[in-house]
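> Please find one structure pasted underneath; my questions will follow.
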Amino acid sequence: MKESLSPLAAKAMGLFLLNLIRLLTGAQARWTGCPPKAEQRIYFANHQSHADLVMIWAALPEELRSITRPIAARDYWTKTPFKQWITTAVFNAVYVERERKEGVDPLAPLIEALESGDSIIIFPEGTRGFGEEPQPFKSGLYSLAQKFPHVVLVPAWIDNIQRVMPKGEVVPVPILCSVTFGAPIRLEEGEERRAFLDRARAAVIALRDL
């Protein structure tokens, strides 16, 4: 009985969270550089809150949410059975380790998701930033762009989400938020890692004031 109810419970929770997020934030999506399209993509965005994955998930249209998997920090999102259930059953998230472990490729879960045909949402800073601009991007995005040259790389800027749930607060504050999706970029032939990552970061920052 529990297993048969699980998909229904996940769907109901997804609708509840979607309506709650839109009530609190508006969850506006602005497609300035590309249309929402059901093709395999890597969305890469700035990272200022644990709620980033929820916000960008809510901003996607339904047909894209079903094929797009946000990454989630395993140590945070599996702290309680409820958090783990939401990220697994509702968001279909890809768990990643924030601390490197010897002999473990941190990109392995993302590679597996892309090999299965899913789109993913990643935050190349690796950890949350608290400044006006993203921290320097880590090398994961470059490695994925090398391994999956056919996957479309779409920059995104998440605005205001850190003000909805300020650090140390428990109750969210209603604030109008948005996600701006920009024009896709690609890894050019022979392009060096740092040059590509700096260009990808600049593509995200360029969306901030649109």
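Letters A, B, ... mark the chains of the structure tokens in the order given; residue numbers begin at 1 per chain; ligand numbers begin at 1, in order shown.
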Show which residues sit within 8 Å of Pro36 of chain A, as a list of chain:residue names. Count only C-alpha atoms, and ignore same-chain residues fewer than 3 positions away.

A:Trp31, A:Leu60, A:Pro61, A:Leu64

> Those residues with N, CA and C atoms, as a CSV table (one decimal), in the first residue's frame please?


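Generated file (selection09.csv):
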```csv
chain,number,residue,atom,x,y,z
A,31,TRP,N,13.0,33.8,-20.3
A,31,TRP,CA,13.8,33.2,-21.3
A,31,TRP,C,14.3,34.2,-22.3
A,60,LEU,N,10.9,26.2,-14.2
A,60,LEU,CA,10.8,25.5,-15.4
A,60,LEU,C,9.4,25.1,-15.7
A,61,PRO,N,9.0,25.1,-17.0
A,61,PRO,CA,7.7,24.6,-17.3
A,61,PRO,C,7.6,23.1,-17.1
A,64,LEU,N,9.5,20.5,-18.9
A,64,LEU,CA,11.0,20.4,-18.7
A,64,LEU,C,11.3,19.9,-17.3
```

> Report as CSV the residues of segment 97-159 of chain A within 8 Å of segment 175-184 of chain A, each with its shortest atom pair and distance in Å (one decimal), using only C-alpha atoms, ordered by chain and increasing residue number.


```
residue,atom,partner,partner_atom,distance
A:Val152,CA,A:Pro184,CA,6.5
A:Leu153,CA,A:Pro184,CA,5.2
A:Val154,CA,A:Pro184,CA,4.5
A:Pro155,CA,A:Gly182,CA,5.4
A:Ala156,CA,A:Phe181,CA,4.4
A:Trp157,CA,A:Thr180,CA,5.2
A:Ile158,CA,A:Val179,CA,4.6
A:Asp159,CA,A:Ser178,CA,5.4
```

> Near segment 117-124 of chain A, within 8 Å and counting only C-alpha atoms, which residues show up once chain neighbours fewer than 5 positions away are dropped, as a tab-separated table (two decimals) with N, CA and C atoms, in the first residue's frame?


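This is the output file around.tsv:
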```tsv
chain	number	residue	atom	x	y	z
A	39	GLU	N	15.05	19.60	-24.96
A	39	GLU	CA	16.29	19.03	-25.47
A	39	GLU	C	17.22	18.83	-24.28
A	40	GLN	N	18.23	17.98	-24.44
A	40	GLN	CA	19.11	17.73	-23.30
A	40	GLN	C	19.98	18.95	-23.04
A	41	ARG	N	19.92	19.43	-21.80
A	41	ARG	CA	20.63	20.65	-21.43
A	41	ARG	C	21.34	20.50	-20.09
A	42	ILE	N	22.37	21.31	-19.92
A	42	ILE	CA	22.97	21.54	-18.61
A	42	ILE	C	22.69	23.00	-18.28
A	43	TYR	N	21.81	23.24	-17.32
A	43	TYR	CA	21.57	24.60	-16.84
A	43	TYR	C	22.60	24.87	-15.73
A	44	PHE	N	23.33	25.96	-15.84
A	44	PHE	CA	24.31	26.30	-14.81
A	44	PHE	C	24.01	27.71	-14.29
A	45	ALA	N	23.96	27.83	-12.96
A	45	ALA	CA	23.46	29.05	-12.35
A	45	ALA	C	24.29	29.48	-11.15
A	46	ASN	N	24.07	30.72	-10.71
A	46	ASN	CA	24.67	31.21	-9.48
A	46	ASN	C	24.05	30.49	-8.28
A	47	HIS	N	24.74	30.52	-7.15
A	47	HIS	CA	24.32	29.71	-6.01
A	47	HIS	C	24.43	30.52	-4.72
A	53	LEU	N	17.88	25.17	-5.84
A	53	LEU	CA	17.42	24.05	-6.67
A	53	LEU	C	15.90	24.03	-6.73
A	67	ILE	N	12.03	16.19	-17.07
A	67	ILE	CA	13.25	15.62	-17.68
A	67	ILE	C	14.52	16.30	-17.17
A	68	THR	N	14.36	17.17	-16.17
A	68	THR	CA	15.50	17.94	-15.66
A	68	THR	C	15.73	17.64	-14.19
A	69	ARG	N	16.97	17.28	-13.85
A	69	ARG	CA	17.30	16.88	-12.49
A	69	ARG	C	18.27	17.88	-11.85
A	70	PRO	N	17.87	18.54	-10.76
A	70	PRO	CA	18.79	19.44	-10.07
A	70	PRO	C	19.78	18.63	-9.24
A	71	ILE	N	20.98	19.17	-9.06
A	71	ILE	CA	21.91	18.51	-8.14
A	71	ILE	C	21.61	18.98	-6.72
A	110	LEU	N	26.57	12.94	-11.93
A	110	LEU	CA	26.13	13.83	-13.00
A	110	LEU	C	26.34	13.17	-14.36
A	137	PHE	N	34.17	29.76	-10.93
A	137	PHE	CA	33.59	28.45	-11.20
A	137	PHE	C	34.64	27.36	-11.05
A	138	LYS	N	34.21	26.23	-10.50
A	138	LYS	CA	35.09	25.07	-10.40
A	138	LYS	C	35.06	24.29	-11.71
A	139	SER	N	35.93	23.30	-11.80
A	139	SER	CA	36.20	22.67	-13.10
A	139	SER	C	35.14	21.71	-13.60
A	140	GLY	N	34.14	21.38	-12.76
A	140	GLY	CA	33.15	20.37	-13.16
A	140	GLY	C	32.43	20.69	-14.45
A	141	LEU	N	32.02	21.94	-14.64
A	141	LEU	CA	31.30	22.32	-15.84
A	141	LEU	C	32.15	22.10	-17.08
```

> I'd like the neighbourhood of segment 82-88 of chain A as a list in words, where a residue qualifies if any of its atoms comes within 9 Å (using only C-alpha atoms), though same-chain residues fewer than 6 positions away should be ignored.

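These residues fall inside the cut-off: Ala10, Met13, Gly14, Pro70, Ala72, Arg74, Tyr76, Val94 and Tyr95 of chain A.
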
> Find the residues near Pro149 of chain A: any atom within 8 Å, counting only C-alpha atoms, skip ones fewer than 4 places away on the same chain, and give them as a ChimeraX atom specification.

/A:145,186-187

> Those residues you just picked out, can you put them in a file as a PDB file, in the first residue's frame with C-alpha atoms?


```pdb
ATOM      1  CA  ALA A 145      31.236  20.134 -21.526  1.00  0.00           C
ATOM      2  CA  ARG A 186      29.624  25.980 -25.999  1.00  0.00           C
ATOM      3  CA  LEU A 187      33.145  24.817 -25.344  1.00  0.00           C
TER       4      LEU A 187
END
```

> To test your reading of the structure, identify every residue in segment 15-165 of chain A that backbone DSSP assigns to strand (DSSP E or B), and report it as JSON, numbers by chain.

{"A": [28, 29, 30, 31, 41, 42, 43, 44, 45, 68, 69, 70, 71, 72, 73, 94, 95, 96, 119, 120, 121, 122, 152, 153, 154, 155, 156, 157, 158, 159]}

> Just the number, please: distance in Å from atom CA of Leu144 of chain A to atom CA of Glu112 of chain A, one decimal.

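Result for atom CA of Leu144 of chain A versus atom CA of Glu112 of chain A: 11.1 Å, one decimal.
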
> From the set A:Ala93, A:Leu17, A:Arg201, A:Asp209, which residue has the shortest atom-to-atom contact distance to Arg30 of chain A, counting only C-alpha atoms?

A:Asp209

> Which value, in Å to one decimal, gives the distance between atom CA of Arg98 of chain A and atom CA of Leu114 of chain A?

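Result for atom CA of Arg98 of chain A versus atom CA of Leu114 of chain A: 19.5 Å, one decimal.
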
> My list of candidates is A:Gln146, A:Arg100, A:Ala29, A:Ala59. Which is closest to Glu188 of chain A when distances are computed with only C-alpha atoms?

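Using only C-alpha atoms, Glu188 of chain A sits closest to A:Gln146.
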
> With distances taken over only C-alpha atoms, which residue among A:Pro134, A:Pro109, A:Lys147, A:Pro7 lies nearest Arg208 of chain A?

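Of the candidates, the smallest distance to Arg208 of chain A is held by A:Pro134.
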
> Would you work out the distance separating atom CA of Asn92 of chain A from atom CA of Ser66 of chain A, expressed in Å to one decimal?

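Computing the Euclidean distance for atom CA of Asn92 of chain A and atom CA of Ser66 of chain A yields 8.7 Å.
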